[in-house]
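Chemist: Quick one: this structure, given as structure tokens, is what I'll be asking you about.
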Amino acid sequence: MARTMLDKELNELNAQIVRLGSTGCEALQKALEAFETGDLAKCGMVIEMDPLIDSMRTAVEEHAIRLLTLQQPLGGRDLRLLTCALSIAGDLERIGDNAAGIAQIMLRMTPLRGTAMPHVQIESMPRTEGRESIQITETAIVHSMLELGKEALRVFEATVKALTEYNANAARYICEEDDVVDVRYHLVRHDLMTMMSGARAIPALKNDSLILQRATYLLWIAHKLERVADHCTNICERIVFIVEGESMVRAGQEQSS
């Protein structure tokens with residue numbers, strides 16, 4: 001395959017990957033909007049996007065494998081891009097799965113929510129060391145989850161931008177941002193587990209017999225949002241490898257030695 005033809009094919013592969021990422025961003029954004037507003041129609045739209053995202057991943061993989069077979073690059077950035085395209089497409093597709101999973105959970109929660117967001121309050125207590133004692137309510141937890149979702153979406157959008165530009169410096173920064181998402185997730189999880197634990201669950205159940213079921217579903221949604229950032233970290237590590245030919249783990253070990 002002539003070099004000019006290979007360059008054209010690689011550019012098209014890059015465009016396919018970016019389209020896959022952009023579609024995943026759209027799905028996650030719609031899922032978060034549906035979570036905030038309770039729009040079940042939007043949940044359906046997210047679920048319907050999942051097969052499209054799956055097919056886009058397959059197209060990227062087939063294209064990358066075809067180029068590997070025809071060109072058989074022996075090394076360099078071309079080979080790194082073609083091999084990493086397979087794992088990047090997988091991570092992007094998994095983010096789409098998480099968006100669809102959030103939408104599906106919301107549909108399951110619908111019979112449990114009634115006509116309005118419940119305001120269930122349990123005793124005042126410190127959530128973590130260094131944090132003030134506050135009243136933990138289901139409404140407050142949902143608000144924290146929306147902030148978690150916005151942070152996960154921001155990281156995902158930045159990842160797609162870094163992928164579009166193959167910006168290794170931006171990719172490194174995004175990997176560090178995963179810690180921000182993790183902190184928000186652990187706070188949400190702590191509050192949900194507090195709501196569902198021991199004697200504290202009794203007054204909540206007296207007011208609302210379905211609260212533990214909703215709390216379980218909310219915990220699943222929070223976990224899916226946290227996993228979005230984990231997949232973004234995987235993608236960003238591969239961006240650095242494509243551009244610089246060295247894994248971030250190895251580079252970090254050399255700097256600390």
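Lettering and numbering for the structure tokens are positional, with chains as A, B, ... in the shown order, residues counted from 1 in each chain, and ligands counted from 1 in the shown order.
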Can you list, as an mmCIF file with N, CA and C atoms, in the first residue's frame, every protein, DNA or RNA residue that comes within 10 Å of Lys161 of chain A when you count only C-alpha atoms, leaving out same-chain residues fewer than 5 positions away?
Modeler:
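Writing the result to part_31.cif gives the following:
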```cif
data_model
loop_
_atom_site.group_PDB
_atom_site.id
_atom_site.type_symbol
_atom_site.label_atom_id
_atom_site.label_comp_id
_atom_site.auth_asym_id
_atom_site.auth_seq_id
_atom_site.Cartn_x
_atom_site.Cartn_y
_atom_site.Cartn_z
ATOM 1 N N VAL A 18 -13.043 9.052 16.319
ATOM 2 C CA VAL A 18 -13.588 10.294 16.880
ATOM 3 C C VAL A 18 -15.111 10.291 16.797
ATOM 4 N N GLY A 21 -16.356 8.221 19.567
ATOM 5 C CA GLY A 21 -16.272 8.943 20.829
ATOM 6 C C GLY A 21 -17.341 10.017 20.955
ATOM 7 N N SER A 22 -17.579 10.752 19.892
ATOM 8 C CA SER A 22 -18.586 11.816 19.916
ATOM 9 C C SER A 22 -19.987 11.251 20.129
ATOM 10 N N VAL A 155 -14.789 14.865 31.750
ATOM 11 C CA VAL A 155 -13.583 14.073 31.512
ATOM 12 C C VAL A 155 -13.686 13.347 30.175
ATOM 13 N N PHE A 156 -14.862 12.827 29.870
ATOM 14 C CA PHE A 156 -15.055 12.105 28.615
ATOM 15 C C PHE A 156 -14.905 13.038 27.416
ATOM 16 N N TYR A 166 -4.606 13.986 19.290
ATOM 17 C CA TYR A 166 -3.493 13.149 19.766
ATOM 18 C C TYR A 166 -2.543 14.010 20.606
ATOM 19 N N ASN A 167 -3.139 14.592 21.648
ATOM 20 C CA ASN A 167 -2.435 15.502 22.545
ATOM 21 C C ASN A 167 -2.018 14.728 23.792
ATOM 22 N N ALA A 170 -2.374 16.721 27.214
ATOM 23 C CA ALA A 170 -3.763 16.762 27.674
ATOM 24 C C ALA A 170 -4.188 15.405 28.220
ATOM 25 N N ALA A 171 -3.739 14.331 27.582
ATOM 26 C CA ALA A 171 -4.088 12.987 28.030
ATOM 27 C C ALA A 171 -3.544 12.717 29.430
#
```
Chemist: Just asking: which residues within segment 9-256 of chain A are alpha helix (DSSP H) according to DSSP, as a ChimeraX atom specification?
Modeler: /A:9-37,40-71,76-113,138-165,168-196,201-207,211-244,248-256
Chemist: What is the distance, in Å and to one decimal place, between atom CA of Tyr173 of chain A and atom CA of Ile239 of chain A?
Modeler: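 Atom CA of Tyr173 of chain A sits 11.9 Å away from atom CA of Ile239 of chain A.
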Chemist: Please identify all polymer residues within 10 Å of Leu148 of chain A, counting only C-alpha atoms, omitting same-chain residues fewer than 6 positions from it, and present them as a compact mmCIF listing (two decimals) with C-alpha atoms, in the first residue's frame.
Modeler:
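Ended up saving to result23.txt:
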```txt
# COMPACT_ATOMS: atom_id res chain seq x y z
CA VAL A 142 -29.25 12.69 43.70
CA ARG A 154 -16.41 16.62 31.29
CA VAL A 180 -11.69 13.92 41.08
CA VAL A 181 -14.35 11.56 39.74
CA ASP A 182 -13.27 8.86 42.20
CA VAL A 183 -13.63 11.23 45.16
CA ARG A 184 -17.14 12.27 44.10
CA TYR A 185 -18.10 8.63 43.58
CA LEU A 187 -18.78 10.35 48.70
CA VAL A 188 -21.98 9.36 46.91
CA ALA A 222 -23.02 6.01 40.42
CA LEU A 225 -20.48 6.99 36.05
CA GLU A 226 -17.25 6.22 37.89
```
Chemist: Skipping near chain neighbours, those fewer than 3 positions away, what residues fall within 9 Å of segment 79-90 of chain A using only C-alpha atoms, listed as a ChimeraX atom specification?
Modeler: /A:10,13-14,17,20-21,56-58,60-61,64-65,67-68,72-76,93-95,231,234-236,238-239,241-243,245
Chemist: Set the distance at 9 Å and use only C-alpha atoms: which residues neighbour Asp97 of chain A once local chain neighbours fewer than 2 positions away are removed? I'd like the list as a PyMOL selection string.
Modeler: chain A and resi 24+47+50+53-54+92-95+99-102
Chemist: Can I get the selection written as a JSON list (two decimals), in the first residue's frame, with N, CA and C atoms?
Modeler:
```json
[["chain", "number", "residue", "atom", "x", "y", "z"],
["A", 24, "GLY", "N", -20.64, 8.47, 21.72],
["A", 24, "GLY", "CA", -20.68, 8.07, 23.12],
["A", 24, "GLY", "C", -20.93, 9.25, 24.04],
["A", 47, "ILE", "N", -30.94, 4.18, 24.85],
["A", 47, "ILE", "CA", -30.91, 2.72, 24.66],
["A", 47, "ILE", "C", -30.86, 2.38, 23.17],
["A", 50, "ASP", "N", -27.36, 2.45, 21.55],
["A", 50, "ASP", "CA", -26.37, 1.44, 21.91],
["A", 50, "ASP", "C", -25.98, 0.52, 20.74],
["A", 53, "ILE", "N", -23.60, 2.39, 18.47],
["A", 53, "ILE", "CA", -22.25, 2.47, 19.04],
["A", 53, "ILE", "C", -21.53, 1.14, 18.89],
["A", 54, "ASP", "N", -22.25, 0.05, 19.09],
["A", 54, "ASP", "CA", -21.64, -1.28, 18.90],
["A", 54, "ASP", "C", -21.15, -1.46, 17.46],
["A", 92, "LEU", "N", -14.36, 2.99, 24.34],
["A", 92, "LEU", "CA", -15.42, 3.91, 23.92],
["A", 92, "LEU", "C", -16.78, 3.19, 23.87],
["A", 93, "GLU", "N", -16.76, 1.97, 23.39],
["A", 93, "GLU", "CA", -18.02, 1.21, 23.32],
["A", 93, "GLU", "C", -18.54, 0.89, 24.72],
["A", 94, "ARG", "N", -17.64, 0.62, 25.65],
["A", 94, "ARG", "CA", -18.06, 0.33, 27.02],
["A", 94, "ARG", "C", -18.67, 1.56, 27.68],
["A", 95, "ILE", "N", -18.17, 2.74, 27.35],
["A", 95, "ILE", "CA", -18.79, 3.97, 27.88],
["A", 95, "ILE", "C", -20.22, 4.09, 27.36],
["A", 99, "ALA", "N", -23.77, 4.30, 29.47],
["A", 99, "ALA", "CA", -24.86, 5.27, 29.24],
["A", 99, "ALA", "C", -26.19, 4.55, 29.07],
["A", 100, "ALA", "N", -26.18, 3.49, 28.26],
["A", 100, "ALA", "CA", -27.41, 2.71, 28.05],
["A", 100, "ALA", "C", -27.84, 2.04, 29.34],
["A", 101, "GLY", "N", -26.86, 1.59, 30.13],
["A", 101, "GLY", "CA", -27.18, 0.96, 31.41],
["A", 101, "GLY", "C", -27.87, 1.92, 32.36],
["A", 102, "ILE", "N", -27.40, 3.17, 32.38],
["A", 102, "ILE", "CA", -28.04, 4.19, 33.23],
["A", 102, "ILE", "C", -29.49, 4.39, 32.80]]
```
Chemist: Find the residues around Lys30 of chain A up to 7 Å (only C-alpha atoms counted), leave out those fewer than 3 positions away in its own chain, and share them as a tab-separated table (two decimals) with N, CA and C atoms, in the first residue's frame.
Modeler:
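Output file part.tsv is given in full below:
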```
chain	number	residue	atom	x	y	z
A	26	GLU	N	-22.57	11.95	23.26
A	26	GLU	CA	-23.98	12.32	23.09
A	26	GLU	C	-24.88	11.40	23.91
A	27	ALA	N	-24.56	10.10	23.90
A	27	ALA	CA	-25.37	9.14	24.65
A	27	ALA	C	-25.29	9.42	26.15
A	33	GLU	N	-29.16	13.94	31.20
A	33	GLU	CA	-30.33	14.82	31.11
A	33	GLU	C	-31.59	14.06	31.52
A	34	ALA	N	-31.68	12.81	31.11
A	34	ALA	CA	-32.84	12.00	31.48
A	34	ALA	C	-32.86	11.74	32.98
A	42	LYS	N	-36.25	10.17	26.56
A	42	LYS	CA	-34.81	10.33	26.34
A	42	LYS	C	-34.06	9.08	26.74
A	46	VAL	N	-31.39	6.88	24.35
A	46	VAL	CA	-30.06	6.41	24.73
A	46	VAL	C	-29.93	4.91	24.48
```
